[in-house]
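Colleague: Just one file: my_file36.tsv, with TSV, C-alpha atoms.
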chain	number	residue	atom	x	y	z
F	212	MET	CA	15.36	2.32	-5.72
F	213	ASN	CA	12.95	3.40	-2.98
F	214	ILE	CA	9.47	1.97	-3.56
F	215	LEU	CA	6.24	2.66	-1.67
F	216	ALA	CA	3.57	-0.04	-2.05
F	217	ILE	CA	0.02	0.80	-1.01
F	218	ASP	CA	-3.18	-1.19	-0.55
F	219	ILE	CA	-5.47	1.86	-0.52
F	220	GLY	CA	-8.67	2.08	1.47
F	221	THR	CA	-10.10	3.39	4.73
F	222	THR	CA	-7.56	1.08	6.35
F	223	THR	CA	-4.53	1.39	4.11
F	224	GLY	CA	-1.72	-1.13	4.14
F	225	TRP	CA	1.69	0.18	3.19
F	226	ALA	CA	5.17	-1.19	2.71
F	227	SER	CA	8.39	0.42	1.60
F	228	CYS	CA	11.87	-0.72	0.82
F	229	ASP	CA	14.87	1.53	0.54
F	230	ARG	CA	18.08	1.14	-1.46
F	231	ASN	CA	19.64	-0.84	1.37
F	232	GLY	CA	16.85	-3.44	1.31
F	233	VAL	CA	15.30	-2.26	4.59
F	234	VAL	CA	11.59	-3.11	4.56
F	235	ARG	CA	9.13	-1.11	6.62
F	236	SER	CA	5.42	-1.73	6.67
F	237	GLY	CA	2.24	-0.99	8.54
F	238	SER	CA	-1.43	-0.26	8.39
F	239	GLU	CA	-3.08	3.15	8.83
F	240	LYS	CA	-6.75	4.05	9.40
F	241	PHE	CA	-8.10	7.11	7.62
F	242	GLN	CA	-11.67	7.07	8.87
F	243	PRO	CA	-12.81	10.52	10.00
F	244	GLY	CA	-13.24	10.93	13.75
F	245	ARG	CA	-16.59	11.65	15.38
F	246	MET	CA	-16.06	15.39	15.36
F	247	GLU	CA	-14.38	15.57	11.94
F	248	LYS	CA	-15.88	16.31	8.56
F	249	PRO	CA	-15.82	13.56	5.89
F	250	GLY	CA	-13.04	15.38	4.00
F	251	HIS	CA	-10.65	14.78	6.87
F	252	ARG	CA	-9.97	11.25	5.60
F	253	TRP	CA	-8.36	12.75	2.46
F	254	LEU	CA	-6.35	15.25	4.51
F	255	LYS	CA	-5.09	12.43	6.75
F	256	PHE	CA	-4.15	10.37	3.69
F	257	ARG	CA	-2.23	13.26	2.15
F	258	ALA	CA	-0.40	13.85	5.45
F	259	PHE	CA	0.49	10.14	5.53
F	260	LEU	CA	1.95	10.33	2.01
F	261	ASN	CA	3.95	13.42	2.97
F	262	GLN	CA	5.31	11.57	6.02
F	263	GLN	CA	6.41	8.70	3.80
F	264	ARG	CA	8.22	11.13	1.52
F	265	ALA	CA	9.83	12.85	4.53
F	266	ALA	CA	11.19	9.46	5.64
F	267	GLY	CA	13.13	9.17	2.39
F	268	GLU	CA	12.95	9.80	-1.33
F	269	ILE	CA	10.29	7.78	-3.16
F	270	HIS	CA	11.13	6.72	-6.72
F	271	ALA	CA	7.86	4.89	-7.48
F	272	VAL	CA	4.49	4.13	-5.89
F	273	TYR	CA	2.82	0.81	-6.65
F	274	PHE	CA	-0.81	0.26	-5.71
F	275	GLU	CA	-3.40	-2.48	-5.99
F	276	ASP	CA	-5.68	-1.54	-8.89
F	277	VAL	CA	-9.10	-2.77	-7.71
F	278	LYS	CA	-11.71	-3.13	-10.48
F	279	GLN	CA	-14.58	-4.64	-8.44
F	280	HIS	CA	-15.86	-3.47	-5.08
F	281	ALA	CA	-18.17	-5.00	-2.47
F	282	GLY	CA	-20.55	-2.04	-2.69
F	283	THR	CA	-21.14	1.49	-3.85
F	284	LEU	CA	-19.64	3.14	-0.75
F	285	ALA	CA	-16.49	1.04	-1.02
F	286	ALA	CA	-16.15	2.05	-4.68
F	287	HIS	CA	-16.59	5.74	-3.84
F	288	VAL	CA	-14.06	5.64	-1.00
F	289	TYR	CA	-11.53	3.75	-3.14
F	290	GLY	CA	-12.01	6.30	-5.94
F	291	GLY	CA	-11.38	9.15	-3.52
F	292	PHE	CA	-8.18	7.58	-2.23
F	293	LEU	CA	-7.04	6.86	-5.78
F	294	ALA	CA	-7.69	10.46	-6.84
F	295	CYS	CA	-5.67	11.73	-3.86
F	296	LEU	CA	-2.84	9.29	-4.64
F	297	GLU	CA	-2.78	10.29	-8.32
F	298	MET	CA	-2.71	13.98	-7.40
F	299	TRP	CA	0.03	13.49	-4.80
F	300	CYS	CA	2.20	11.47	-7.20
F	301	ALA	CA	1.71	14.02	-9.99
F	302	SER	CA	2.55	16.97	-7.74
F	303	ASN	CA	5.67	15.19	-6.41
F	304	ASN	CA	6.78	13.84	-9.81
F	305	VAL	CA	6.63	10.23	-8.59
F	306	PRO	CA	5.62	7.49	-11.06
F	307	LEU	CA	2.40	5.70	-10.05
F	308	ARG	CA	2.19	2.06	-11.15
F	309	PRO	CA	-0.97	-0.06	-10.84
F	310	VAL	CA	-0.87	-3.82	-10.30
F	311	GLY	CA	-3.91	-6.09	-10.58
F	312	VAL	CA	-5.43	-7.78	-7.55
F	313	GLY	CA	-5.16	-11.29	-9.02
F	314	GLN	CA	-1.61	-10.57	-10.19
F	315	VAL	CA	-0.57	-9.62	-6.64
F	316	LYS	CA	-2.26	-12.66	-5.06
F	317	LYS	CA	-0.78	-15.08	-7.60
F	318	HIS	CA	2.70	-13.62	-7.17
F	319	TRP	CA	2.50	-13.86	-3.37
F	320	THR	CA	0.64	-17.13	-2.80
F	321	GLY	CA	0.62	-18.91	-6.16
F	322	LYS	CA	-3.19	-18.54	-6.29
F	323	GLY	CA	-4.81	-15.63	-8.10
F	324	ASN	CA	-7.89	-15.84	-5.89
F	325	ALA	CA	-6.17	-16.24	-2.51
F	326	ASP	CA	-8.19	-15.09	0.49
F	327	LYS	CA	-7.09	-12.63	3.18
F	328	LEU	CA	-5.90	-15.37	5.53
F	329	ALA	CA	-3.67	-16.88	2.83
F	330	MET	CA	-2.10	-13.47	2.18
F	331	VAL	CA	-1.34	-13.01	5.90
F	332	GLU	CA	-0.03	-16.59	6.28
F	333	THR	CA	2.28	-16.14	3.29
F	334	ALA	CA	3.65	-12.90	4.76
F	335	ARG	CA	4.35	-14.70	8.04
F	336	ALA	CA	5.98	-17.62	6.21
F	337	LYS	CA	8.32	-15.11	4.57
F	338	GLY	CA	9.34	-13.74	7.98
F	339	PHE	CA	7.11	-10.66	8.16
F	340	ARG	CA	4.74	-9.83	11.01
F	341	PRO	CA	1.74	-8.06	9.45
F	342	LYS	CA	-0.84	-6.75	11.90
F	343	ASP	CA	-3.65	-7.24	9.37
F	344	ASN	CA	-4.47	-8.31	5.82
F	345	ASN	CA	-3.97	-4.76	4.53
F	346	GLU	CA	-0.32	-4.76	5.60
F	347	ALA	CA	0.13	-8.28	4.16
F	348	ASP	CA	-1.31	-7.07	0.84
F	349	ALA	CA	1.08	-4.11	0.82
F	350	LEU	CA	4.04	-6.44	1.44
F	351	ALA	CA	2.85	-8.57	-1.49
F	352	ILE	CA	2.54	-5.47	-3.70
F	353	LEU	CA	6.06	-4.42	-2.68
F	354	SER	CA	7.41	-7.87	-3.50
F	355	LEU	CA	5.79	-7.79	-6.96
F	356	ALA	CA	7.02	-4.23	-7.54
F	357	ARG	CA	10.57	-5.23	-6.72
F	358	VAL	CA	10.35	-8.16	-9.16
F	359	GLN	CA	9.03	-5.82	-11.86
F	360	GLU	CA	11.88	-3.40	-11.14
F	361	GLY	CA	14.45	-6.23	-11.17
F	362	ILE	CA	15.32	-5.87	-7.48
F	363	ALA	CA	15.54	-8.81	-5.04
F	364	MET	CA	13.02	-8.76	-2.18
F	365	PRO	CA	14.34	-9.40	1.33
F	366	GLU	CA	12.65	-12.47	2.80
F	367	ARG	CA	11.86	-10.73	6.07
F	368	GLU	CA	11.70	-7.38	7.77
F	369	ALA	CA	14.93	-5.73	8.79
F	370	ALA	CA	15.64	-5.75	12.51
Show me this structure written as structure tokens.

Modeller:
Amino acid sequence: MNILAIDIGTTTGWASCDRNGVVRSGSEKFQPGRMEKPGHRWLKFRAFLNQQRAAGEIHAVYFEDVKQHAGTLAAHVYGGFLACLEMWCASNNVPLRPVGVGQVKKHWTGKGNADKLAMVETARAKGFRPKDNNEADALAILSLARVQEGIAMPEREAA
């Protein structure tokens, strides 16, 4: 089963695992450039999702379902990304599965309120090399998704 795990936001962490257990992950920025209109962030996000689909069939998308935000702007941006993700999944007939923030942190670190550093350190301890906390979160979401789907998670990235 090919799963895409996403920690949505202006800087979006992502991780995927194909049927062969090959894990790929990264972090993408969707902030509009100086000469771009605000709507370009949504266009960039949609293009990113299409690239992920082009890399291989996606059977499910798991995302971190954030219920509290640091501020109004963060909430609005998250809502926009979520709306785009819901629309993309619906138009591509891909199931979208939310997982709670505390659930992801507890699964990954053993602590439901783990901080960003703990998430990154846990990813490194498992053999991954995340470039930021967003990628580490996506790896944690992927790990939880694979448990929920009954699929073993590789302990490190494929070479």

Colleague: Could you list, with a cut-off of 12 Å and counting only C-alpha atoms, the residues of segment 270-337 of chain F near segment 242-260 of chain F, each shown with its nearest atom pair and the distance in Å rounded to one decimal, rows sorted by chain and ascending number, as CSV?

Modeller:
residue,atom,partner,partner_atom,distance
F:Val272,CA,F:Leu260,CA,10.4
F:Val288,CA,F:Arg252,CA,9.6
F:Tyr289,CA,F:Trp253,CA,11.1
F:Gly290,CA,F:Trp253,CA,11.2
F:Gly291,CA,F:Trp253,CA,7.6
F:Phe292,CA,F:Trp253,CA,7.0
F:Leu293,CA,F:Trp253,CA,10.2
F:Ala294,CA,F:Trp253,CA,9.6
F:Cys295,CA,F:Trp253,CA,6.9
F:Leu296,CA,F:Arg257,CA,7.9
F:Glu297,CA,F:Arg257,CA,10.9
F:Met298,CA,F:Arg257,CA,9.6
F:Trp299,CA,F:Arg257,CA,7.3
F:Cys300,CA,F:Leu260,CA,9.3
F:Ser302,CA,F:Arg257,CA,11.6
F:Asn303,CA,F:Leu260,CA,10.4
F:Val305,CA,F:Leu260,CA,11.6

Colleague: Excluding Arg335 of chain F and residues on its chain fewer than 5 positions from it, collect all residues at most 10 Å away from it, counting only C-alpha atoms, and give them as a PyMOL selection string.

Modeller: chain F and resi 329-330+340-341+347+367

Colleague: Calculated over only C-alpha atoms, which of the candidates F:Ala336, F:Gly313, F:Ala349, F:Asp326 has the smallest distance to Gln279 of chain F?

Modeller: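 Counting only C-alpha atoms, the residue closest to Gln279 of chain F is F:Gly313.
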
Colleague: Compile the contact shell of Asn344 of chain F as a PyMOL selection string: residues with an atom at most 12 Å away, counting all atoms listed in the file, same-chain residues fewer than 6 positions apart removed.

Modeller: chain F and resi 218+222-225+236-239+316+325-335+350-351

Colleague: Quick check, in Å to one decimal: how far apart do atom CA of Gln359 of chain F and atom CA of Ala216 of chain F lie?

Modeller: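 We find that atom CA of Gln359 of chain F and atom CA of Ala216 of chain F lie 12.6 Å from each other.
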
Colleague: Calculate how many Å separate atom CA of Cys228 of chain F from atom CA of Gly321 of chain F, rounding to one decimal.

Modeller: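 Separation of atom CA of Cys228 of chain F and atom CA of Gly321 of chain F: 22.5 Å.
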
Colleague: In Å, with one decimal, what is the gap from atom CA of Phe274 of chain F to atom CA of Val310 of chain F?

Modeller: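 Rounded to one decimal, the two atoms are 6.1 Å apart.
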
Colleague: Which one is closest to Pro306 of chain F: F:His270, F:Glu346, F:Met212, F:Ala226? Count only C-alpha atoms.

Modeller: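 Looking only at the distances to Pro306 of chain F, the closest residue turns out to be F:His270.
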
Colleague: Nearest to Pro309 of chain F: which of F:Leu284, F:Leu353, F:Ala265, F:Asp229 is it, counting only C-alpha atoms?

Modeller: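 Ranked by minimum distance to Pro309 of chain F, first place goes to F:Leu353.
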
Colleague: From the set F:Ala286, F:Ala271, F:Val234, F:Ile219, which residue has the shortest atom-to-atom contact distance to Glu360 of chain F, counting all atoms listed in the file?

Modeller: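 Closest residue, counting all atoms listed in the file: F:Ala271.
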
Colleague: Let me make sure I understand: among F:Thr283, F:Asn213, F:Asn304, F:Thr320, which one has the smallest atom-to-atom distance to Gly267 of chain F if we use only C-alpha atoms?

Modeller: F:Asn213

Colleague: Missing atoms in segment 235-252 of chain F should be modelled up to N, CA, C and O atoms and reported as a PDB file, in the frame of the given file.

Modeller:
ATOM      1  N   ARG F 235       9.995  -1.638   5.561  1.00  0.00           N
ATOM      2  CA  ARG F 235       9.130  -1.110   6.620  1.00  0.00           C
ATOM      3  C   ARG F 235       7.708  -1.281   6.139  1.00  0.00           C
ATOM      4  O   ARG F 235       7.430  -1.151   4.954  1.00  0.00           O
ATOM      5  N   SER F 236       6.816  -1.554   7.073  1.00  0.00           N
ATOM      6  CA  SER F 236       5.420  -1.730   6.670  1.00  0.00           C
ATOM      7  C   SER F 236       4.501  -1.421   7.836  1.00  0.00           C
ATOM      8  O   SER F 236       4.926  -1.333   8.987  1.00  0.00           O
ATOM      9  N   GLY F 237       3.229  -1.267   7.509  1.00  0.00           N
ATOM     10  CA  GLY F 237       2.240  -0.990   8.540  1.00  0.00           C
ATOM     11  C   GLY F 237       0.861  -0.869   7.942  1.00  0.00           C
ATOM     12  O   GLY F 237       0.629  -1.163   6.765  1.00  0.00           O
ATOM     13  N   SER F 238      -0.042  -0.416   8.773  1.00  0.00           N
ATOM     14  CA  SER F 238      -1.430  -0.260   8.390  1.00  0.00           C
ATOM     15  C   SER F 238      -1.946   1.010   9.070  1.00  0.00           C
ATOM     16  O   SER F 238      -1.722   1.203  10.264  1.00  0.00           O
ATOM     17  N   GLU F 239      -2.587   1.878   8.305  1.00  0.00           N
ATOM     18  CA  GLU F 239      -3.080   3.150   8.830  1.00  0.00           C
ATOM     19  C   GLU F 239      -4.577   3.271   8.573  1.00  0.00           C
ATOM     20  O   GLU F 239      -5.052   2.911   7.499  1.00  0.00           O
ATOM     21  N   LYS F 240      -5.304   3.813   9.555  1.00  0.00           N
ATOM     22  CA  LYS F 240      -6.750   4.050   9.400  1.00  0.00           C
ATOM     23  C   LYS F 240      -6.982   5.510   9.067  1.00  0.00           C
ATOM     24  O   LYS F 240      -6.450   6.390   9.738  1.00  0.00           O
ATOM     25  N   PHE F 241      -7.798   5.752   8.060  1.00  0.00           N
ATOM     26  CA  PHE F 241      -8.100   7.110   7.620  1.00  0.00           C
ATOM     27  C   PHE F 241      -9.586   7.434   7.744  1.00  0.00           C
ATOM     28  O   PHE F 241     -10.092   8.283   7.030  1.00  0.00           O
ATOM     29  N   GLN F 242     -10.257   6.776   8.639  1.00  0.00           N
ATOM     30  CA  GLN F 242     -11.670   7.070   8.870  1.00  0.00           C
ATOM     31  C   GLN F 242     -11.763   8.374   9.651  1.00  0.00           C
ATOM     32  O   GLN F 242     -11.034   8.581  10.616  1.00  0.00           O
ATOM     33  N   PRO F 243     -12.675   9.276   9.249  1.00  0.00           N
ATOM     34  CA  PRO F 243     -12.810  10.520  10.000  1.00  0.00           C
ATOM     35  C   PRO F 243     -13.297  10.254  11.419  1.00  0.00           C
ATOM     36  O   PRO F 243     -14.100   9.346  11.653  1.00  0.00           O
ATOM     37  N   GLY F 244     -12.796  11.044  12.369  1.00  0.00           N
ATOM     38  CA  GLY F 244     -13.240  10.930  13.750  1.00  0.00           C
ATOM     39  C   GLY F 244     -14.652  11.465  13.918  1.00  0.00           C
ATOM     40  O   GLY F 244     -15.221  12.079  13.010  1.00  0.00           O
ATOM     41  N   ARG F 245     -15.210  11.240  15.094  1.00  0.00           N
ATOM     42  CA  ARG F 245     -16.590  11.650  15.380  1.00  0.00           C
ATOM     43  C   ARG F 245     -16.845  13.128  15.142  1.00  0.00           C
ATOM     44  O   ARG F 245     -17.906  13.512  14.667  1.00  0.00           O
ATOM     45  N   MET F 246     -15.882  13.950  15.466  1.00  0.00           N
ATOM     46  CA  MET F 246     -16.060  15.390  15.360  1.00  0.00           C
ATOM     47  C   MET F 246     -15.444  15.973  14.083  1.00  0.00           C
ATOM     48  O   MET F 246     -15.381  17.184  13.930  1.00  0.00           O
ATOM     49  N   GLU F 247     -15.014  15.109  13.175  1.00  0.00           N
ATOM     50  CA  GLU F 247     -14.380  15.570  11.940  1.00  0.00           C
ATOM     51  C   GLU F 247     -15.348  15.493  10.766  1.00  0.00           C
ATOM     52  O   GLU F 247     -16.267  14.679  10.751  1.00  0.00           O
ATOM     53  N   LYS F 248     -15.100  16.323   9.798  1.00  0.00           N
ATOM     54  CA  LYS F 248     -15.880  16.310   8.560  1.00  0.00           C
ATOM     55  C   LYS F 248     -15.381  15.162   7.677  1.00  0.00           C
ATOM     56  O   LYS F 248     -14.247  14.720   7.810  1.00  0.00           O
ATOM     57  N   PRO F 249     -16.230  14.679   6.755  1.00  0.00           N
ATOM     58  CA  PRO F 249     -15.820  13.560   5.890  1.00  0.00           C
ATOM     59  C   PRO F 249     -14.519  13.809   5.126  1.00  0.00           C
ATOM     60  O   PRO F 249     -13.744  12.890   4.892  1.00  0.00           O
ATOM     61  N   GLY F 250     -14.249  15.053   4.752  1.00  0.00           N
ATOM     62  CA  GLY F 250     -13.040  15.380   4.000  1.00  0.00           C
ATOM     63  C   GLY F 250     -11.744  15.175   4.773  1.00  0.00           C
ATOM     64  O   GLY F 250     -10.665  15.156   4.182  1.00  0.00           O
ATOM     65  N   HIS F 251     -11.856  14.981   6.078  1.00  0.00           N
ATOM     66  CA  HIS F 251     -10.650  14.780   6.870  1.00  0.00           C
ATOM     67  C   HIS F 251      -9.922  13.486   6.501  1.00  0.00           C
ATOM     68  O   HIS F 251      -8.710  13.390   6.673  1.00  0.00           O
ATOM     69  N   ARG F 252     -10.655  12.492   5.994  1.00  0.00           N
ATOM     70  CA  ARG F 252      -9.970  11.250   5.600  1.00  0.00           C
ATOM     71  C   ARG F 252      -8.948  11.531   4.508  1.00  0.00           C
ATOM     72  O   ARG F 252      -7.868  10.975   4.501  1.00  0.00           O
TER      73      ARG F 252
END
